[in-house]
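See structure below.
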Amino acid sequence: MSLAGLIPTDISINAAIAICAIAFVSAPARGFSGFGSALIFMPLASSMAAPRLVAALLLIIDFVAAAPLVPNAWKHADRKATAVMVSGALVGVPIGTYFLSRLEPVTTRWIISVFVFALLMLLLSGWRYRGKNYPAISIGIGGLSGFCSGLAQTGGPPIVGYWLGRPIAPALARANILLFFAASDFFSAVSYGLTGLINTDAIRFSLLVGPVYGIGIAFGAALFGRACETLFRAICYVLIAAAVIIGLPVLDGVLR
């Protein structure tokens with residue numbers, strides 16, 4: 001099959017190239033910190049292709065590209081605490097998927113933009129959960145993250161705000177985050193499959209975008225523990241803010 005054959009018929013070659021570029025730019029955030037790529041990828045890519053296709057595409061390429069990080073995360077994570085949070089995602093993911101499969105594309109894009117902006121504000125606020133580790137709170141945060149993941153694959157900030165607020169080492173927090181999203185991605189894959197969001201177009205397109213995304217994740221993972229975390233996060237925040245602005249539907253007539 002030619003490269004052109006991997007691109008859905010309703011997406012131009014220029015748009016496909018742009019989506020590949022977006023994937024490459026967004027992926028290092030995922031490899032470095034365990035989350036963040038969706039906050040850049042979804043607003044921008046959804047302005048060039050249907051949000052349902054973009055969400056399914058990101059799920060497929062992220063699930064495959066992040067798989068090599070899971071064994072190490074399994075080894076170092078607090079599996080019991082992560083499992084409690086995962087139980088919330090088991091409920092939240094199907095609810096988010098339902099809305100993604102039912103809403104009009106423009107409505108979904110507005111929701112994604114508002115969601116990502118709110119999540120960016122959460123990250124910039126420096127919020128961290130400092131309270132006790134109650135199972136109900138863990139389940140609730142897992143459910144919220146699962147809903148955001150099911151709707152737009154943007155479930156990172158609530159989980160990050162929780163785990164980074166716990167009195168644990170950064171490496172353990174990162175392992176917990178990676179392990180949580182491995183489970184959340186599995187739930188999303190099942191949910192997307194049952195609702196028809198994962199289709200031949202998404203699978204074929206992932207063969208083109210996936211390798212580019214995988215290179216970006218590997219680059220970000222290699223930076224973990226070496227690069228200046230403060231600078232890296234600042235760059236990611238700027239990229240997320242730019243993605244929200246550029247991806248706004250109201251700017252379609254100006255930018256696209």
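The way I read the labels, and the way they are meant: chains A, B, ... in the order of the structure tokens, residue 1 as the first residue of every chain, and ligand 1 as the first ligand shown, with later ones counted on from there.
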- Mind checking which residues fall within 10 Å of Ala83 in chain A, counting only C-alpha atoms, ignoring those fewer than 4 positions away in the same chain, and posting them as a list in words? Asp78, Arg79, Ser87, Gly88, Ala89, Ser138, Ile139, Gly142, Asn176, Leu179, Phe180 and Ala183 of chain A
Excluding Gly161 in chain A and any residue of its chain fewer than 3 positions from it, enumerate the residues within 12 Å of it, using only C-alpha atoms, and give them as a compact mmCIF listing (two decimals) with C-alpha atoms, in the first residue's frame.
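Result file around09.txt:
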```txt
# COMPACT_ATOMS: atom_id res chain seq x y z
CA PHE A 35 1.33 12.76 29.80
CA LEU A 119 -6.55 21.67 32.20
CA LEU A 120 -3.76 24.07 31.24
CA MET A 121 -4.96 26.49 33.94
CA LEU A 122 -4.90 23.58 36.39
CA LEU A 123 -1.30 22.82 35.45
CA LEU A 124 -0.23 26.46 35.61
CA SER A 125 -1.86 26.90 39.01
CA GLY A 126 0.53 24.35 40.41
CA TRP A 127 -2.36 22.56 42.10
CA ARG A 128 -1.38 19.44 43.95
CA TYR A 129 -3.58 17.25 46.10
CA ARG A 130 -2.07 17.38 49.58
CA GLY A 131 -4.81 15.59 51.50
CA SER A 138 -8.59 8.30 44.08
CA ILE A 141 -9.95 11.49 40.13
CA GLY A 142 -9.54 8.31 38.10
CA SER A 145 -9.42 11.43 34.03
CA GLY A 155 -6.98 12.77 30.97
CA GLY A 156 -3.48 13.69 32.15
CA PRO A 157 -3.72 16.80 34.37
CA PRO A 158 -6.04 15.44 37.12
CA LEU A 164 2.76 14.88 42.10
CA GLY A 165 1.11 16.10 45.28
CA ARG A 166 1.76 12.86 47.10
CA ALA A 173 4.91 9.35 40.43
CA ARG A 174 5.90 9.05 36.77
CA ILE A 177 1.08 7.89 35.76
```
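Compared by their closest atoms to Trp74 in chain A, and using only C-alpha atoms, the residues A:Pro28, A:Phe117, A:Ala182, A:Arg109 rank with A:Ala182 nearest.
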Compile the contact shell of range 92-100 of chain A as a short mmCIF file (atom, residue, chain, number, x, y, z; two decimals) with N, CA and C atoms, in the first residue's frame: residues with an atom at most 7 Å away, counting only C-alpha atoms, same-chain residues fewer than 3 positions apart removed.
```cif
data_model
loop_
_atom_site.label_atom_id
_atom_site.label_comp_id
_atom_site.auth_asym_id
_atom_site.auth_seq_id
_atom_site.Cartn_x
_atom_site.Cartn_y
_atom_site.Cartn_z
N ARG A 52 -13.51 12.59 16.07
CA ARG A 52 -13.64 11.15 16.34
C ARG A 52 -12.46 10.39 15.75
N GLY A 88 -11.76 3.86 38.81
CA GLY A 88 -12.57 5.01 38.44
C GLY A 88 -12.60 5.22 36.94
N ALA A 89 -11.45 5.00 36.30
CA ALA A 89 -11.37 5.16 34.84
C ALA A 89 -12.25 4.15 34.13
N LEU A 103 -21.72 13.57 19.78
CA LEU A 103 -21.71 15.02 19.55
C LEU A 103 -21.28 15.37 18.14
N THR A 108 -17.79 19.13 19.55
CA THR A 108 -16.70 18.40 20.20
C THR A 108 -15.44 19.24 20.23
N GLY A 143 -11.93 8.55 37.72
CA GLY A 143 -13.12 8.66 36.89
C GLY A 143 -13.13 9.91 36.04
N LEU A 144 -12.70 11.05 36.63
CA LEU A 144 -12.61 12.30 35.88
C LEU A 144 -11.60 12.19 34.75
N GLY A 146 -10.62 9.43 33.33
CA GLY A 146 -11.15 8.49 32.36
C GLY A 146 -12.17 9.15 31.45
N PHE A 147 -13.01 10.00 32.00
CA PHE A 147 -13.99 10.72 31.18
C PHE A 147 -13.29 11.61 30.16
N CYS A 148 -12.27 12.36 30.62
CA CYS A 148 -11.52 13.23 29.70
C CYS A 148 -10.81 12.40 28.64
N SER A 149 -10.32 11.23 29.01
CA SER A 149 -9.65 10.36 28.04
C SER A 149 -10.63 9.80 27.03
N GLY A 150 -11.80 9.37 27.49
CA GLY A 150 -12.80 8.83 26.58
C GLY A 150 -13.30 9.87 25.60
N LEU A 151 -13.46 11.12 26.06
CA LEU A 151 -13.97 12.18 25.21
C LEU A 151 -12.92 12.71 24.25
N PHE A 187 -8.87 0.50 28.29
CA PHE A 187 -10.32 0.70 28.41
C PHE A 187 -10.85 1.51 27.22
N SER A 188 -10.09 2.53 26.83
CA SER A 188 -10.50 3.36 25.70
C SER A 188 -10.54 2.54 24.41
N SER A 191 -13.65 0.50 24.48
CA SER A 191 -14.82 1.36 24.34
C SER A 191 -14.92 1.94 22.94
N TYR A 192 -13.80 2.39 22.38
CA TYR A 192 -13.81 2.93 21.02
C TYR A 192 -14.14 1.84 20.00
#
```
- Of the listed residues A:Ile240, A:Leu178, A:Leu197, A:Ala222, that which approaches Arg102 in chain A most closely, counting only C-alpha atoms: A:Leu197
- What is the distance, in Å and to one decimal place, between CA of Pro51 in chain A and CA of Ala189 in chain A?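 Computing it gives 15.7 Å between the two atoms.
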- In range 7-200 of chain A, DSSP helix (DSSP H, G or I) residues written as a ChimeraX atom specification: /A:13-33,37-45,51-65,67-76,79-102,105-125,135-152,156-163,170-194,200
Range 51-88 of chain A near range 4-15 of chain A within 12 Å: what's each residue's closest atom pair and its distance in Å to one decimal, counting only C-alpha atoms, ordered by chain then ascending residue number, as JSON lines?
```
{"residue": "A:Leu53", "atom": "CA", "partner": "A:Pro8", "partner_atom": "CA", "distance": 9.6}
{"residue": "A:Val54", "atom": "CA", "partner": "A:Ile11", "partner_atom": "CA", "distance": 11.3}
{"residue": "A:Leu57", "atom": "CA", "partner": "A:Pro8", "partner_atom": "CA", "distance": 11.4}
```
- Restricting the calculation to only C-alpha atoms, which member of A:Val116, A:Ile159, A:Leu172, A:Ile198 is positioned closest to Leu58 in chain A?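 So, comparing all the options, the nearest one is A:Ile198.
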- Distance in Å - CA of Phe24 in chain A versus CA of Ile217 in chain A: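 According to the coordinates, CA of Phe24 in chain A and CA of Ile217 in chain A are separated by 8.2 Å.
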- Do you know which residues are at most 6 Å from Pro43 in chain A counting only C-alpha atoms, after dropping those on the same chain fewer than 5 positions away, and could you put them as a PyMOL selection string? chain A and resi 243-244+247
Output N, CA, C and O atoms for every residue in that selection, as a JSON list (two decimals), in the first residue's frame.
```
[["chain", "number", "residue", "atom", "x", "y", "z"],
["A", 243, "ALA", "N", -1.75, 25.66, 20.95],
["A", 243, "ALA", "CA", -2.64, 24.67, 20.35],
["A", 243, "ALA", "C", -4.10, 25.03, 20.59],
["A", 243, "ALA", "O", -4.95, 24.90, 19.70],
["A", 244, "VAL", "N", -4.42, 25.50, 21.80],
["A", 244, "VAL", "CA", -5.79, 25.88, 22.12],
["A", 244, "VAL", "C", -6.24, 27.04, 21.24],
["A", 244, "VAL", "O", -7.34, 27.02, 20.67],
["A", 247, "GLY", "N", -6.37, 26.07, 17.46],
["A", 247, "GLY", "CA", -7.40, 25.07, 17.19],
["A", 247, "GLY", "C", -8.83, 25.54, 17.39],
["A", 247, "GLY", "O", -9.76, 24.77, 17.14]]
```
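CA of Leu231 in chain A lies 29.3 Å from CA of Trp110 in chain A.
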- Message: Report as a PyMOL selection string all protein, DNA and RNA residues lying within 7 Å of Ala175 in chain A, evaluated on only C-alpha atoms, omitting residues in the same chain fewer than 5 positions from it.
- Response: chain A and resi 73+76-77
- Close residues, Gly31 in chain A itself excluded, 12 Å, only C-alpha atoms, min 2 positions apart in chain, as a PyMOL selection string: chain A and resi 24-29+33-37+62+65-70+174-175+177-178+213-225+232
- Query: Between A:Ala56, A:Val250, A:Ala152, A:Ser46, which is the closest to Asp201 in chain A once you count only C-alpha atoms?
  - Reply: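 Smallest distance to Asp201 in chain A is found for A:Ala56.
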- Message: Can you pull out the residues contacting range 17-23 of chain A? Cut-off 7 Å, using only C-alpha atoms, and skip same-chain residues under 6 positions away; I want them as JSON, numbers by chain.
- Response: {"A": [41, 45, 209, 212, 213]}
